[in-house]
>>> print(open('work.cif').read())   # mmCIF, C-alpha atoms and all ligand atoms
data_protein
loop_
_atom_site.label_atom_id
_atom_site.label_comp_id
_atom_site.auth_asym_id
_atom_site.auth_seq_id
_atom_site.Cartn_x
_atom_site.Cartn_y
_atom_site.Cartn_z
CA ASN A 1 70.76 -0.99 125.08
CA ARG A 2 71.93 2.06 127.00
CA ARG A 3 75.66 2.57 127.34
CA LEU A 4 78.05 5.18 128.67
CA VAL A 5 81.00 5.94 126.42
CA LEU A 6 84.05 8.04 127.15
CA ALA A 7 83.42 11.35 125.38
CA GLU A 8 86.58 13.19 126.46
CA ARG A 9 89.52 12.72 128.80
CA PRO A 10 88.96 14.67 132.03
CA GLU A 11 91.46 17.19 133.39
CA GLY A 12 91.13 16.78 137.15
CA GLU A 13 87.71 15.69 138.34
CA PRO A 14 85.43 14.06 135.72
CA THR A 15 82.60 16.36 134.62
CA GLU A 16 79.22 16.04 132.92
CA SER A 17 80.90 15.95 129.53
CA THR A 18 83.35 13.15 130.39
CA LEU A 19 80.86 10.37 129.61
CA ARG A 20 78.02 10.31 127.09
CA LEU A 21 74.86 8.21 127.40
CA GLU A 22 73.90 6.52 124.13
CA THR A 23 71.24 4.02 123.10
CA VAL A 24 72.09 1.34 120.54
CA GLU A 25 70.59 -1.98 119.39
CA VAL A 26 70.87 -4.94 121.74
CA PRO A 27 73.58 -7.17 120.16
CA GLU A 28 72.72 -10.65 118.81
CA PRO A 29 74.80 -13.52 120.16
CA GLN A 30 76.37 -15.70 117.43
CA ALA A 31 77.58 -19.31 117.64
CA GLY A 32 79.95 -19.64 120.62
CA GLN A 33 78.57 -16.51 122.26
CA MET A 34 76.03 -15.55 124.90
CA LEU A 35 74.02 -12.41 125.63
CA LEU A 36 74.47 -10.97 129.12
CA ARG A 37 72.17 -8.44 130.79
CA THR A 38 74.01 -6.29 133.32
CA GLU A 39 72.37 -6.31 136.73
CA TYR A 40 75.08 -4.65 138.84
CA LEU A 41 77.95 -2.40 137.77
CA SER A 42 80.90 -1.98 140.13
CA LEU A 43 82.34 1.50 140.63
CA ASP A 44 86.05 1.37 141.42
CA PRO A 45 88.76 4.01 141.85
CA TYR A 46 90.95 2.47 139.08
CA MET A 47 88.36 3.65 136.52
CA ARG A 48 89.75 7.18 136.87
CA GLY A 49 93.06 5.87 135.52
CA ARG A 50 91.35 4.30 132.49
CA MET A 51 89.82 7.67 131.58
CA SER A 52 93.33 9.08 131.26
CA ASP A 53 96.00 8.34 128.66
CA ALA A 54 98.86 8.90 131.13
CA PRO A 55 101.25 5.91 131.39
CA SER A 56 99.61 3.06 133.33
CA TYR A 57 99.68 -0.70 133.80
CA ALA A 58 96.60 -1.04 131.55
CA PRO A 59 95.65 0.70 128.30
CA PRO A 60 93.16 3.58 128.53
CA VAL A 61 89.55 3.39 127.33
CA GLY A 62 89.44 4.89 123.83
CA ILE A 63 87.36 7.96 123.04
CA ASP A 64 83.79 6.86 122.07
CA GLU A 65 84.38 3.42 123.60
CA VAL A 66 82.19 1.97 126.34
CA MET A 67 83.63 2.70 129.79
CA VAL A 68 85.10 -0.49 131.28
CA GLY A 69 83.93 -2.04 134.53
CA GLY A 70 83.28 -5.23 136.45
CA THR A 71 79.66 -6.38 136.34
CA VAL A 72 77.32 -9.03 137.65
CA SER A 73 74.92 -10.07 134.93
CA GLN A 74 72.34 -12.63 133.99
CA VAL A 75 72.54 -14.82 130.94
CA VAL A 76 69.68 -13.92 128.58
CA SER A 77 70.47 -16.53 125.92
CA SER A 78 73.48 -18.74 125.38
CA ASN A 79 75.16 -20.60 122.54
CA LEU A 80 77.99 -21.45 124.87
CA GLU A 81 78.69 -24.56 126.87
CA GLY A 82 78.71 -23.94 130.62
CA PHE A 83 76.25 -21.03 130.56
CA ALA A 84 72.45 -21.28 130.34
CA SER A 85 69.71 -18.70 130.26
CA GLY A 86 69.03 -17.52 133.83
CA ASP A 87 72.54 -18.16 135.16
CA TRP A 88 74.23 -15.33 137.05
CA ALA A 89 77.72 -14.40 135.94
CA LEU A 90 80.64 -12.28 137.09
CA SER A 91 81.62 -10.47 133.92
CA PHE A 92 83.32 -7.38 132.58
CA ASN A 93 80.53 -5.82 130.53
CA GLY A 94 81.40 -2.22 131.32
CA TRP A 95 78.91 0.62 131.75
CA GLN A 96 76.07 -0.74 129.61
CA ASP A 97 72.82 -2.73 129.75
CA TYR A 98 73.77 -5.66 127.52
CA ALA A 99 76.93 -7.28 126.22
CA VAL A 100 77.77 -10.26 124.07
CA SER A 101 80.47 -12.52 125.48
CA GLU A 102 82.47 -15.57 124.44
CA GLY A 103 82.85 -16.52 128.08
CA LYS A 104 86.49 -15.48 128.42
CA GLY A 105 87.10 -14.26 131.97
CA VAL A 106 83.44 -14.79 132.87
CA ALA A 107 82.66 -16.83 136.01
CA ASN A 108 79.34 -18.62 136.37
CA LEU A 109 77.80 -17.75 139.76
CA GLY A 110 75.01 -20.33 139.40
CA ARG A 111 71.22 -20.06 139.32
CA ASP A 112 70.59 -18.54 142.69
CA PRO A 113 73.59 -16.87 144.36
CA LYS A 114 72.82 -15.54 147.84
CA HIS A 115 74.32 -12.07 147.30
CA PRO A 116 75.14 -11.75 143.59
CA SER A 117 76.60 -8.25 143.86
CA TRP A 118 79.09 -9.28 146.55
CA ALA A 119 81.15 -10.83 143.77
CA LEU A 120 82.10 -7.21 142.96
CA GLY A 121 83.23 -6.54 146.52
CA VAL A 122 84.27 -8.64 149.46
CA MET A 123 84.03 -11.90 147.47
CA GLY A 124 85.74 -10.46 144.39
CA MET A 125 88.44 -8.05 143.25
CA PRO A 126 88.48 -5.62 146.22
CA GLY A 127 88.33 -8.43 148.80
CA PHE A 128 91.09 -10.28 146.98
CA THR A 129 93.18 -7.09 146.87
CA ALA A 130 92.88 -6.70 150.64
CA TRP A 131 93.63 -10.36 151.36
CA ALA A 132 96.61 -10.73 149.03
CA GLY A 133 98.17 -7.31 149.66
CA LEU A 134 97.99 -7.73 153.41
CA LYS A 135 99.13 -11.35 153.60
CA GLN A 136 101.72 -11.42 150.84
CA ILE A 137 103.33 -8.00 151.31
CA GLY A 138 102.17 -6.79 154.72
CA ALA A 139 102.89 -10.22 156.26
CA PRO A 140 101.64 -9.13 159.69
CA LYS A 141 102.55 -11.05 162.82
CA PRO A 142 100.22 -11.31 165.83
CA GLY A 143 100.56 -8.30 168.11
CA GLU A 144 101.83 -5.98 165.36
CA THR A 145 100.08 -2.71 164.45
CA ILE A 146 98.42 -2.27 161.06
CA VAL A 147 97.19 1.09 159.77
CA VAL A 148 94.84 1.31 156.78
CA GLY A 149 93.08 4.25 155.13
CA GLY A 150 89.74 4.17 153.35
CA ALA A 151 88.79 2.14 156.42
CA THR A 152 85.14 1.70 155.49
CA GLY A 153 85.70 1.10 151.77
CA PRO A 154 85.71 -2.45 150.38
CA VAL A 155 89.50 -2.82 150.45
CA GLY A 156 90.24 -1.00 153.71
CA ALA A 157 87.39 -2.59 155.67
CA THR A 158 88.55 -6.05 154.61
CA VAL A 159 92.23 -5.34 155.36
CA GLY A 160 91.34 -4.26 158.89
CA GLN A 161 89.07 -7.20 159.60
CA ILE A 162 91.65 -9.70 158.33
CA GLY A 163 94.21 -7.93 160.51
CA LYS A 164 92.00 -8.57 163.54
CA ILE A 165 91.55 -12.24 162.58
CA LEU A 166 95.36 -12.48 162.40
CA GLY A 167 95.71 -11.08 165.93
CA CYS A 168 96.95 -7.57 165.17
CA ARG A 169 96.16 -4.12 166.50
CA VAL A 170 94.27 -2.36 163.70
CA VAL A 171 93.95 1.40 163.33
CA GLY A 172 91.78 2.72 160.52
CA ILE A 173 91.78 6.15 158.90
CA ALA A 174 88.52 7.47 157.46
CA GLY A 175 86.69 10.71 156.70
CA GLY A 176 84.33 11.76 159.50
CA LYS A 177 82.95 10.48 162.78
CA VAL A 178 80.18 8.30 161.34
CA LYS A 179 82.61 6.22 159.30
CA CYS A 180 85.14 6.05 162.15
CA ASP A 181 82.48 4.88 164.62
CA TYR A 182 81.38 2.21 162.15
CA ALA A 183 84.97 0.97 161.74
CA VAL A 184 85.34 0.52 165.49
CA ASN A 185 81.85 -0.62 166.48
CA SER A 186 80.84 -2.75 163.50
CA LEU A 187 84.13 -3.82 161.93
CA GLY A 188 86.00 -4.33 165.20
CA PHE A 189 88.95 -2.00 164.55
CA ASP A 190 90.84 -0.99 167.71
CA ALA A 191 90.70 2.67 166.71
CA CYS A 192 89.84 4.81 163.70
CA ILE A 193 91.08 8.36 163.15
CA ASP A 194 89.32 11.05 161.13
CA TYR A 195 91.88 12.47 158.70
CA LYS A 196 89.78 15.63 158.32
CA ALA A 197 90.14 16.53 162.03
CA ASP A 198 92.58 19.34 162.92
CA ASP A 199 94.50 17.15 165.36
CA PHE A 200 94.66 14.14 162.99
CA VAL A 201 98.44 13.70 163.28
CA ASP A 202 98.41 13.82 167.09
CA ARG A 203 95.51 11.40 167.27
CA LEU A 204 97.20 9.00 164.92
CA LYS A 205 100.31 9.07 167.13
CA ALA A 206 98.22 8.46 170.23
CA ALA A 207 96.48 5.50 168.57
CA THR A 208 99.79 3.88 167.55
CA PRO A 209 101.84 3.99 170.76
CA ASP A 210 104.05 1.11 169.55
CA GLY A 211 104.52 2.62 166.08
CA ILE A 212 103.27 1.09 162.82
CA ASP A 213 104.48 -2.25 161.46
CA VAL A 214 102.24 -2.46 158.38
CA TYR A 215 100.83 0.55 156.56
CA PHE A 216 98.42 -0.64 153.87
CA GLU A 217 98.55 2.31 151.48
CA ASN A 218 95.25 3.16 149.78
CA ILE A 219 95.39 6.95 149.98
CA GLY A 220 98.69 8.83 149.57
CA GLY A 221 98.87 12.61 150.18
CA GLN A 222 98.42 13.94 153.71
CA VAL A 223 97.54 10.52 155.15
CA LEU A 224 100.81 9.03 153.92
CA ASP A 225 102.68 12.07 155.28
CA ALA A 226 101.19 11.53 158.72
CA VAL A 227 101.90 7.80 158.77
CA LEU A 228 105.54 7.93 157.63
CA GLY A 229 106.82 9.39 160.89
CA GLN A 230 105.28 6.51 162.86
CA LEU A 231 106.69 3.62 160.81
CA ASN A 232 108.79 1.13 162.77
CA THR A 233 112.07 -0.45 161.77
CA ASN A 234 111.34 -3.23 159.24
CA ALA A 235 107.84 -1.86 158.51
CA ARG A 236 106.10 -3.15 155.38
CA VAL A 237 104.05 -0.90 153.11
CA PRO A 238 101.90 -2.66 150.50
CA VAL A 239 101.33 0.15 147.98
CA CYS A 240 97.82 -0.60 146.80
CA GLY A 241 96.39 2.77 145.74
CA LEU A 242 96.77 6.54 146.02
CA ILE A 243 93.19 7.68 145.75
CA SER A 244 93.87 11.20 147.06
CA GLN A 245 95.96 11.79 143.91
CA TYR A 246 93.72 10.34 141.17
CA ASN A 247 92.16 13.67 140.21
CA ALA A 248 95.39 15.62 140.75
CA THR A 249 96.73 17.58 137.78
CA GLY A 250 100.27 18.04 139.12
CA LEU A 251 102.57 17.52 142.09
CA PRO A 252 101.59 19.20 145.38
CA GLU A 253 103.18 22.48 146.48
CA GLY A 254 105.79 22.41 149.20
CA PRO A 255 109.34 21.24 149.82
CA ASP A 256 110.65 18.22 147.91
CA ARG A 257 110.90 15.50 150.54
CA LEU A 258 111.99 12.68 148.26
CA ASN A 259 115.47 12.40 149.77
CA TRP A 260 114.07 12.53 153.29
CA LEU A 261 111.80 9.60 152.35
CA MET A 262 114.69 7.61 150.88
CA GLY A 263 116.70 8.25 154.05
CA LEU A 264 113.80 6.98 156.13
CA ILE A 265 113.45 3.82 154.03
CA LEU A 266 117.19 3.19 154.36
CA ARG A 267 117.53 3.84 158.08
CA LYS A 268 114.42 1.91 159.02
CA ARG A 269 114.84 -0.83 156.38
CA ILE A 270 111.27 -0.24 155.23
CA THR A 271 109.84 -2.41 152.47
CA MET A 272 107.48 -0.63 150.07
CA ARG A 273 106.05 -2.79 147.34
CA GLY A 274 103.45 -1.86 144.78
CA PHE A 275 101.14 -4.51 143.34
CA ILE A 276 98.46 -4.91 140.70
CA ILE A 277 96.18 -7.55 142.06
CA PHE A 278 95.55 -10.00 139.22
CA GLU A 279 98.94 -9.46 137.55
CA ASP A 280 100.86 -10.21 140.72
CA PHE A 281 98.65 -12.55 142.71
CA GLY A 282 96.09 -14.02 140.29
CA HIS A 283 97.35 -17.55 140.98
CA LEU A 284 96.22 -17.21 144.63
CA TYR A 285 92.56 -16.49 143.77
CA PRO A 286 91.19 -19.98 144.60
CA GLU A 287 92.89 -19.89 148.01
CA PHE A 288 91.41 -16.43 148.66
CA ALA A 289 87.92 -17.47 147.58
CA LYS A 290 87.94 -20.46 149.91
CA GLU A 291 89.22 -18.59 152.96
CA MET A 292 87.08 -15.49 152.45
CA ASN A 293 83.94 -17.51 151.85
CA ALA A 294 84.49 -19.34 155.15
CA TRP A 295 85.06 -16.06 157.03
CA VAL A 296 82.00 -14.39 155.53
CA GLU A 297 79.81 -17.46 156.19
CA ALA A 298 81.01 -17.56 159.78
CA GLY A 299 80.19 -13.86 160.24
CA ARG A 300 83.85 -12.99 160.87
CA ILE A 301 84.01 -10.48 158.00
CA HIS A 302 81.28 -7.85 157.64
CA TYR A 303 80.46 -6.18 154.37
CA ARG A 304 78.69 -2.93 153.70
CA GLU A 305 77.34 -2.13 150.28
CA GLU A 306 75.79 1.07 148.92
CA VAL A 307 73.46 0.29 146.01
CA ILE A 308 72.52 3.18 143.71
CA ASP A 309 69.70 2.64 141.23
CA GLY A 310 69.99 3.51 137.55
CA LEU A 311 72.82 3.32 135.00
CA GLU A 312 72.30 7.01 134.24
CA ARG A 313 73.39 7.87 137.79
CA ALA A 314 76.74 6.07 137.46
CA PRO A 315 78.81 9.10 136.32
CA GLN A 316 77.78 11.26 139.28
CA ALA A 317 78.14 8.33 141.68
CA PHE A 318 81.67 7.76 140.37
CA VAL A 319 82.70 11.38 140.98
CA GLY A 320 81.34 10.99 144.52
CA LEU A 321 83.37 7.80 145.04
CA LEU A 322 86.59 9.73 144.49
CA ASN A 323 85.40 12.46 146.87
CA GLY A 324 84.72 10.26 149.89
CA GLU A 325 80.94 10.26 149.41
CA ALA A 326 80.64 6.47 149.36
CA PHE A 327 80.04 4.62 152.61
CA GLY A 328 80.88 1.01 151.83
CA LYS A 329 81.21 -0.56 148.41
CA ARG A 330 79.41 1.49 145.75
CA VAL A 331 77.56 -0.49 143.07
CA ILE A 332 75.00 0.56 140.49
CA ARG A 333 71.83 -1.54 140.13
CA VAL A 334 71.58 -0.97 136.43
CA GLY A 335 67.82 -1.24 136.19
CA ASN A 336 67.15 -2.49 132.68
CA SER A 337 64.32 -4.82 131.85
P1 LIG B 1 87.17 3.06 148.45
O1 LIG B 1 85.72 2.88 148.49
O2 LIG B 1 87.93 2.89 149.73
O3 LIG B 1 87.53 4.47 147.86
C1 LIG B 1 86.85 5.57 148.19
C2 LIG B 1 87.39 6.13 149.52
O4 LIG B 1 88.67 6.71 149.37
C3 LIG B 1 86.53 7.25 149.95
O5 LIG B 1 85.36 6.79 150.59
C4 LIG B 1 87.44 8.03 150.86
O6 LIG B 1 87.39 7.57 152.16
C5 LIG B 1 88.84 7.70 150.37
N1 LIG B 1 89.41 8.94 149.86
C6 LIG B 1 89.15 9.57 148.71
N2 LIG B 1 89.87 10.70 148.61
C7 LIG B 1 90.59 10.78 149.75
C8 LIG B 1 91.54 11.73 150.26
N3 LIG B 1 91.88 12.81 149.58
N4 LIG B 1 92.09 11.47 151.46
C9 LIG B 1 91.75 10.38 152.16
N5 LIG B 1 90.85 9.47 151.74
C10 LIG B 1 90.30 9.67 150.55
O7 LIG B 1 87.83 2.20 147.31
P2 LIG B 1 88.36 0.72 147.26
O8 LIG B 1 88.26 0.08 148.58
O9 LIG B 1 87.74 0.09 146.08
O10 LIG B 1 89.90 0.94 146.92
C11 LIG B 1 90.81 1.39 147.89
C12 LIG B 1 92.18 1.65 147.25
O11 LIG B 1 92.69 0.44 146.69
C13 LIG B 1 92.11 2.65 146.08
O12 LIG B 1 93.25 3.49 146.17
C14 LIG B 1 92.19 1.77 144.86
O13 LIG B 1 92.72 2.43 143.75
C15 LIG B 1 93.09 0.66 145.35
N6 LIG B 1 92.99 -0.61 144.63
C16 LIG B 1 94.15 -1.15 144.12
C17 LIG B 1 94.16 -2.36 143.49
C18 LIG B 1 95.44 -2.92 143.00
O14 LIG B 1 95.45 -3.93 142.31
N7 LIG B 1 96.58 -2.31 143.35
C19 LIG B 1 92.91 -3.11 143.29
C20 LIG B 1 91.74 -2.50 143.91
C21 LIG B 1 91.80 -1.28 144.55
P3 LIG B 1 86.69 8.42 153.31
O15 LIG B 1 85.24 8.28 153.04
O16 LIG B 1 87.14 7.72 154.51
O17 LIG B 1 87.13 9.83 153.16
#
>>> encode(input="work.cif", output="structure tokens")
Amino acid sequence: NRRLVLAERPEGEPTESTLRLETVEVPEPQAGQMLLRTEYLSLDPYMRGRMSDAPSYAPPVGIDEVMVGGTVSQVVSSNLEGFASGDWALSFNGWQDYAVSEGKGVANLGRDPKHPSWALGVMGMPGFTAWAGLKQIGAPKPGETIVVGGATGPVGATVGQIGKILGCRVVGIAGGKVKCDYAVNSLGFDACIDYKADDFVDRLKAATPDGIDVYFENIGGQVLDAVLGQLNTNARVPVCGLISQYNATGLPEGPDRLNWLMGLILRKRITMRGFIIFEDFGHLYPEFAKEMNAWVEAGRIHYREEVIDGLERAPQAFVGLLNGEAFGKRVIRVGNS
């Protein structure tokens, strides 16, 4: 049983010594337990927060503890009603080959799910985040303009596609031409702007001639700066994530614009609301699952996944996720047998 434990808390970007690969005995399931073998491990930006002991909405992973993470696994053996050997399960095994579970928070995906790993993406937490954040906080009306960053990531891509289904103009923000072309040509966004281009701010203005009604915030930093000036009166800003800041070790240089921002919020009656998906909207999950399943089945929502083989490659792949290396949802095919 290979597992990656947190060896030290990173300062800035995680390094080779942040996580340590260990091999331990495969655990034995007792009465009321089952043994799960991890097939897919999800890599998600929130994991950077769990490596840190700064104040957060969830406790940090302890030193020498297995790194947490959403997983899709198969039941090896079960002493638990509702789960049989060979079933697939959406679980929270963390970064390891095997885990024993009492079934709490584990969903049975059946014997033969079509795309098991999608339960970690469009059909799971990131898809739910996009759906609930956009509908509940963004509350877009047909004809309004939505802007979303991380446009080809699992949250951003889903936000934009739902925005199109709801009849909005959708402008994505992503790093580089390849991702921007994909957002427009494959995901159906009206435009997508490369935030790394020199004329990013001008292009964003040109792509939002009627201003911005909903800014779905995934990024923070320079992207947020560029968007603020384009927000319309009564704009809504679901504050979902600030990925550009997750490796930051302090506040950025430059003038303090906090009072300018507060003035903007006041004058334009802007609503900014942060949310933590399951804490705030968990009760809506069944409604999400039904609607998203229908959209995916009907081909109205596209999903791009980037599968990386080998648990041992997870640490490097995670650093890359925070650097914009991922193109689509990044999952690890754990590769145990
Ligand atoms: P993504 O795959 O979108 O995250 C990686 C992407 O973030 C990269 O590909 C990159 O996009 C972008 N990125 C990284 N650094 C920067 C930067 N400095 N400037 C601009 N873009 C950057 O992740 P998810 O879709 O899983 O998550 C999106 C956001 O949603 C994250 O902020 C995450 O923390 C948040 N989230 C919040 C939840 C909640 O409950 N509030 C739940 C789930 C997610 P590019 O390649 O285009 O450069």
>>> closest_residue(input="work.cif", among="A:Asp280, A:Glu253, A:Asp309, A:Asp198", to="ligand LIG 1 (chain B)", atoms="only C-alpha atoms and all ligand atoms")
A:Asp280
>>> residues_around(input="work.cif", residues="Leu35 of chain A", least_positions_apart="4", cutoff="10 Å", atoms="only C-alpha atoms", output="list in words")
Val26, Pro27, Glu28, Pro29, Gln30, Ser73, Gln74, Val75, Val76, Ser77, Ser78, Asn79, Leu80, Ser85, Tyr98, Ala99, Val100, Ser101 and Glu102 of chain A
>>> residues_near_point(input="work.cif", point="(94.6, -0.6, 152.0)", cutoff="9 Å", atoms="all atoms listed in the file", output="PyMOL selection string")
chain A and resi 129-130+133-134+147-151+155-160+215-219+238-241
>>> residues_near_point(input="work.cif", point="(100.9, 8.4, 162.0)", cutoff="8 Å", atoms="only C-alpha atoms", output="list in words")
Val201, Asp202, Leu204, Lys205, Thr208, Gly211, Ile212, Val223, Asp225, Ala226, Val227, Leu228, Gly229, Gln230 and Leu231 of chain A
>>> residues_near_ligand(input="work.cif", ligand="ligand LIG 1 (chain B)", cutoff="6 Å", atoms="all atoms listed in the file", output="ChimeraX atom specification")
/A:44-46,126,129,150,153-156,174-175,218-219,240-244,275-277,321-326,329
>>> closest_residue(input="work.cif", among="A:Arg48, A:His283, A:Arg3, A:Lys196", to="Asn336 of chain A", atoms="all atoms listed in the file")
A:Arg3
>>> closest_residue(input="work.cif", among="A:Leu258, A:Ala314, A:Ile193, A:Val334", to="Thr71 of chain A", atoms="only C-alpha atoms")
A:Val334
>>> axis_aligned_box(input="work.cif", around="segment 202-214 of chain A", padding_each_side="3 Å", output="lines of an AutoDock Vina configuration file")
center_x = 100.0
center_y = 5.7
center_z = 164.6
size_x = 15.0
size_y = 22.3
size_z = 18.4
>>> closest_residue(input="work.cif", among="A:Val66, A:Ala191, A:Met34, A:Ile162", to="Asn1 of chain A", atoms="only C-alpha atoms")
A:Val66
